[in-house]
Every structure is written in C-alpha cells, then in structure tokens.
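The data block below is protein_10.txt; it holds compact mmCIF, C-alpha atoms.
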```txt
# COMPACT_ATOMS: atom_id res chain seq x y z
CA MET J 274 256.73 179.47 111.32
CA GLU J 275 257.36 181.31 114.55
CA HIS J 276 255.11 180.67 117.53
CA ILE J 277 255.11 183.18 120.37
CA ARG J 278 253.07 183.86 123.47
CA LYS J 279 252.60 187.50 124.41
CA GLU J 280 251.00 188.84 127.58
CA ILE J 281 249.19 192.17 127.57
CA PHE J 282 248.00 193.76 130.80
CA VAL J 283 244.90 195.97 130.68
CA GLY J 284 242.71 197.71 133.26
CA GLY J 285 239.32 196.51 134.50
CA ARG J 286 236.57 194.37 133.06
CA GLY J 287 235.40 196.84 130.39
CA ALA J 288 238.87 197.65 129.07
CA LYS J 289 239.31 196.94 125.40
CA ILE J 290 242.46 196.63 123.37
CA ASN J 291 243.26 197.77 119.88
CA ILE J 292 245.68 195.86 117.69
CA ILE J 293 246.85 197.81 114.65
CA PRO J 294 248.40 195.90 111.72
CA LEU J 295 251.18 198.14 110.40
CA GLY J 296 252.96 197.16 107.23
CA ASP J 297 253.79 197.91 103.63
CA ILE J 298 255.14 201.28 104.72
CA HIS J 299 257.90 201.21 102.08
CA TYR J 300 259.75 203.99 103.88
CA GLY J 301 262.13 205.70 101.47
CA SER J 302 259.90 205.24 98.44
CA THR J 303 258.29 208.22 96.75
CA GLY J 304 254.95 206.51 97.45
CA CYS J 305 255.39 206.40 101.24
CA ALA J 306 252.84 208.50 103.15
CA ILE J 307 255.34 209.58 105.79
CA ASP J 308 253.14 212.26 107.40
CA ARG J 309 250.24 209.81 107.80
CA LEU J 310 252.63 207.24 109.27
CA LYS J 311 253.89 209.73 111.85
CA GLU J 312 250.29 210.61 112.77
CA LEU J 313 249.45 206.92 113.24
CA VAL J 314 252.56 206.32 115.35
CA GLU J 315 251.62 209.23 117.60
CA TRP J 316 248.03 207.94 117.87
CA ILE J 317 249.27 204.46 118.88
CA ARG J 318 251.71 206.00 121.38
CA LEU J 319 249.00 208.03 123.11
CA LYS J 320 246.11 205.54 122.98
CA PRO J 321 245.81 203.35 126.09
CA ASN J 322 245.67 199.60 125.47
CA CYS J 323 246.74 200.04 121.85
CA TYR J 324 249.29 197.66 120.34
CA TRP J 325 250.63 197.05 116.87
CA LEU J 326 251.82 194.14 114.79
CA GLY J 327 254.43 194.79 112.11
CA MET J 328 253.34 193.23 108.84
CA GLY J 329 256.57 193.59 106.79
CA ASP J 330 257.99 195.90 104.11
CA TYR J 331 258.84 198.63 106.58
CA VAL J 332 261.43 199.98 104.13
CA ASP J 333 261.50 199.91 100.35
CA ALA J 334 265.16 198.76 100.39
CA ILE J 335 265.53 198.58 96.63
CA ASP J 336 269.01 199.78 95.76
CA CYS J 337 271.34 199.61 92.77
CA LEU J 338 272.16 195.91 93.42
CA ASP J 339 268.48 194.92 93.16
CA PRO J 340 267.07 194.11 89.68
CA ARG J 341 263.92 196.12 90.57
CA PHE J 342 265.97 199.29 91.10
CA ASP J 343 264.54 202.52 89.68
CA PRO J 344 266.20 205.71 90.95
CA ALA J 345 262.98 207.63 90.30
CA SER J 346 261.26 205.63 93.07
CA ILE J 347 263.65 206.78 95.80
CA ASP J 348 262.45 209.68 97.94
CA MET J 349 265.29 212.19 97.72
CA SER J 350 263.36 215.10 99.18
CA ARG J 351 265.67 215.25 102.21
CA CYS J 352 268.85 215.40 100.06
CA GLU J 353 270.44 218.83 99.83
CA ASP J 354 272.96 218.15 97.05
CA ASP J 355 274.15 215.60 94.47
CA CYS J 356 276.65 214.04 96.90
CA GLN J 357 273.82 213.19 99.29
CA ARG J 358 271.78 211.80 96.40
CA VAL J 359 274.63 209.49 95.30
CA GLU J 360 275.16 208.33 98.87
CA LEU J 361 271.44 207.65 99.26
CA ILE J 362 271.35 205.56 96.07
CA LYS J 363 274.40 203.56 97.19
CA ASN J 364 273.14 202.93 100.73
CA THR J 365 269.40 203.35 100.38
CA GLY J 366 268.33 200.22 102.30
CA LEU J 367 270.35 201.01 105.41
CA GLN J 368 269.47 204.71 105.36
CA GLN J 369 265.81 203.80 105.04
CA PHE J 370 266.16 201.33 107.90
CA TRP J 371 267.67 203.99 110.18
CA GLY J 372 264.87 206.39 109.23
CA ILE J 373 262.00 204.00 109.89
CA GLU J 374 263.57 202.75 113.11
CA LYS J 375 263.65 206.32 114.42
CA ILE J 376 259.96 206.80 113.55
CA LEU J 377 258.85 203.50 115.14
CA ARG J 378 261.01 203.75 118.27
CA PRO J 379 258.36 205.67 120.34
CA ILE J 380 255.95 202.72 119.99
CA ALA J 381 258.45 199.85 120.30
CA ASN J 382 257.08 199.03 123.76
CA LYS J 383 253.64 198.46 122.20
CA CYS J 384 254.87 196.13 119.45
CA ILE J 385 253.66 192.53 119.48
CA GLY J 386 256.29 191.55 116.92
CA LEU J 387 257.58 192.19 113.41
CA LEU J 388 256.91 190.02 110.39
CA GLU J 389 259.46 190.00 107.60
CA GLY J 390 258.33 191.25 104.21
CA ASN J 391 259.66 190.46 100.77
CA HIS J 392 261.58 193.77 100.67
CA GLU J 393 263.53 192.88 103.81
CA GLN J 394 264.14 189.37 102.42
CA SER J 395 265.31 190.72 99.06
CA PHE J 396 267.66 193.20 100.76
CA ALA J 397 269.17 190.37 102.81
CA ASN J 398 269.69 188.35 99.63
CA HIS J 399 271.31 191.19 97.64
CA ARG J 400 273.22 192.97 100.40
CA LYS J 401 273.75 190.16 102.92
CA VAL J 402 272.38 192.43 105.66
CA ASP J 403 269.55 191.09 107.81
CA LEU J 404 267.43 194.14 108.64
CA MET J 405 265.01 192.07 110.72
CA SER J 406 267.77 190.91 113.07
CA MET J 407 268.86 194.51 113.38
CA PHE J 408 265.32 195.53 114.39
CA SER J 409 265.09 192.71 116.91
CA HIS J 410 268.52 192.32 118.46
CA HIS J 411 270.67 195.42 118.08
CA PRO J 412 271.02 196.98 121.56
CA ASN J 413 270.21 200.52 120.36
CA TRP J 414 267.22 199.67 118.19
CA LEU J 415 263.67 198.41 118.65
CA LYS J 416 264.37 195.07 120.42
CA VAL J 417 261.03 193.52 119.44
CA PRO J 418 260.28 189.90 118.49
CA ASN J 419 261.27 188.89 114.96
CA LEU J 420 258.37 186.76 113.72
CA GLY J 421 259.90 185.63 110.43
CA ASP J 422 257.55 185.63 107.45
CA VAL J 423 254.73 183.61 109.09
CA ALA J 424 253.74 183.56 112.76
CA PHE J 425 251.21 182.18 115.20
CA ILE J 426 250.70 184.47 118.18
CA ASN J 427 248.94 183.41 121.35
CA LEU J 428 247.88 186.67 122.97
CA MET J 429 247.06 186.53 126.68
CA ILE J 430 245.05 189.56 127.81
CA LYS J 431 245.27 189.87 131.59
CA ARG J 432 242.99 192.12 133.62
CA GLN J 433 244.96 193.93 136.32
CA ARG J 434 242.24 195.17 138.64
CA VAL J 435 239.69 192.38 138.49
CA GLY J 436 241.94 189.43 137.71
CA GLY J 437 241.29 186.83 135.10
CA SER J 438 242.42 186.73 131.52
CA GLN J 439 241.30 186.08 128.00
CA SER J 440 243.24 184.76 125.09
CA ALA J 441 243.22 185.47 121.39
CA ASN J 442 245.10 183.65 118.66
CA ILE J 443 246.53 185.50 115.71
CA PHE J 444 247.84 183.90 112.54
CA ALA J 445 249.86 186.46 110.63
CA CYS J 446 251.87 186.55 107.43
CA HIS J 447 253.13 189.31 105.15
```
Would you mind writing the structure in this file as structure tokens?
Amino acid sequence: MEHIRKEIFVGGRGAKINIIPLGDIHYGSTGCAIDRLKELVEWIRLKPNCYWLGMGDYVDAIDCLDPRFDPASIDMSRCEDDCQRVELIKNTGLQQFWGIEKILRPIANKCIGLLEGNHEQSFANHRKVDLMSMFSHHPNWLKVPNLGDVAFINLMIKRQRVGGSQSANIFACH
C-alpha cells in the first residue's frame, strides 16, 4: 500500500474543494463514453479548487495476447482502413494509453495520484509493459504519483489568504 501526503492550496476561509474520482474509463473500448469524458476533463480544468483521483482502468488494454480478447470490443471508429485496424489490434494497449494520456494531460496538474486497475495490471503481465510507470515517470507524459492498487492519502488543505490548514484522509483502491 502506498502512503502519500499531498498539499493543496486554496483561497480564503469559505473556499471549498472538489475531489473527483475518475476511473473505469476503459478508453479504447466500444463502451467508453469518450465525449462525456472530454466534457468532464474540461469541467475539472476550468473549475477552481477541483482535483481528481485516478481510480484505475484508464484504458481497456485487452489485446490479442490477453485471454479476454474480443476484437468486437475494440473501438475502431478512428481507423480509416484495414491496415490501421490490424495495427490497432496488434498494439491496442499502447495506442489506447497514448490516447488517454493526451485527453488527461490538461488536468495532470490537478491530479492527486493514479491507482492501478486490473486492466493495467493484466497488460503488464501479458505485454511486460508497465503503463502506470509510463504515466508517472516518462518525461513527456503526466508525471503524477503512481499509487499502486491501494493507497492511503493524507490531504493537507492550506488556506492561502487566511492561513491555517485542514486535513483529510483518503483510503482508495480500484
């Protein structure tokens, strides 16, 4: 279990914060509500004192090496021809990762941390690629805390104008 301390700075005494749990996106799956996700990302980006906690399963990441693979579940709406479809099936987890990273990048600075879901774990087992490390440590990507699959977060909320702080504890798992 990961244990982190995160400081959040807000305005005066009456300022409130919003913490949005964001998970089970399954980007790349035919069941992903991509337009709703983009709306939520934009809302988080524009809302003052709004933060989010990644709850896992950001991508579907089920490809032909995974026993759960079903080509009908892969969103191929952005493919223009059969060559793109074959490439997507072969590299679906990584392509989905690059797609979701691009969507989440505008709110990376508001991220408390990312929990790992079973789809990221399964992809690491089948493909030997750790998507969570890529989210957290790659210099061109989100650079947010990797919380593993279970985390305890001590949130320190500091008031900028009036001083003082409050704390909140969050126990989170996928």
Can you measure CA of His399 (chain J) to CA of Asp339 (chain J) for me? One decimal in Å is fine.
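Separation of CA of His399 (chain J) and CA of Asp339 (chain J): 6.5 Å.
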Which neighbours of Ile376 (chain J) fall inside 12 Å, counting only C-alpha atoms, when residues of the same chain fewer than 2 positions from it are skipped, and could you give them as a list in words?
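Close residues of Ile376 (chain J): Ile298, Tyr300, Ile307, Asp308, Arg309, Leu310, Lys311, Glu312, Leu313, Val314, Glu315, Arg318, Tyr331, Val332, Gln369, Phe370, Trp371, Gly372, Ile373, Glu374, Arg378, Pro379, Ile380, Ala381, Trp414 and Leu415 of chain J.
Distance annotation: of J:His447, J:Gly327, J:Gln368, J:Ala345, the residue with the minimal separation from Ser409 (chain J) is J:Gly327; atom set is only C-alpha atoms.
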Using only C-alpha atoms: which of J:Lys416, J:Asp348, J:Ile443, J:Ala424 has the shortest distance to Ala306 (chain J):
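For Ala306 (chain J), the nearest of the given residues is J:Asp348.
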Work out where the centre of an axis-aligned box around every listed atom of region 384-391 of chain J lies and how long its edges are once 6 Å is added on each side; give both in Å to one decimal as JSON.
```
{"center_x": 256.7, "center_y": 193.1, "center_z": 110.1, "size_x": 18.0, "size_y": 18.1, "size_z": 30.7}
```
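Between CA of Met407 (chain J) and CA of Met429 (chain J) there is a distance of 26.8 Å.
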Measure the distance from CA of Met274 (chain J) to CA of Gly421 (chain J) in Å and round it to one decimal.
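According to the coordinates, CA of Met274 (chain J) and CA of Gly421 (chain J) are separated by 7.0 Å.
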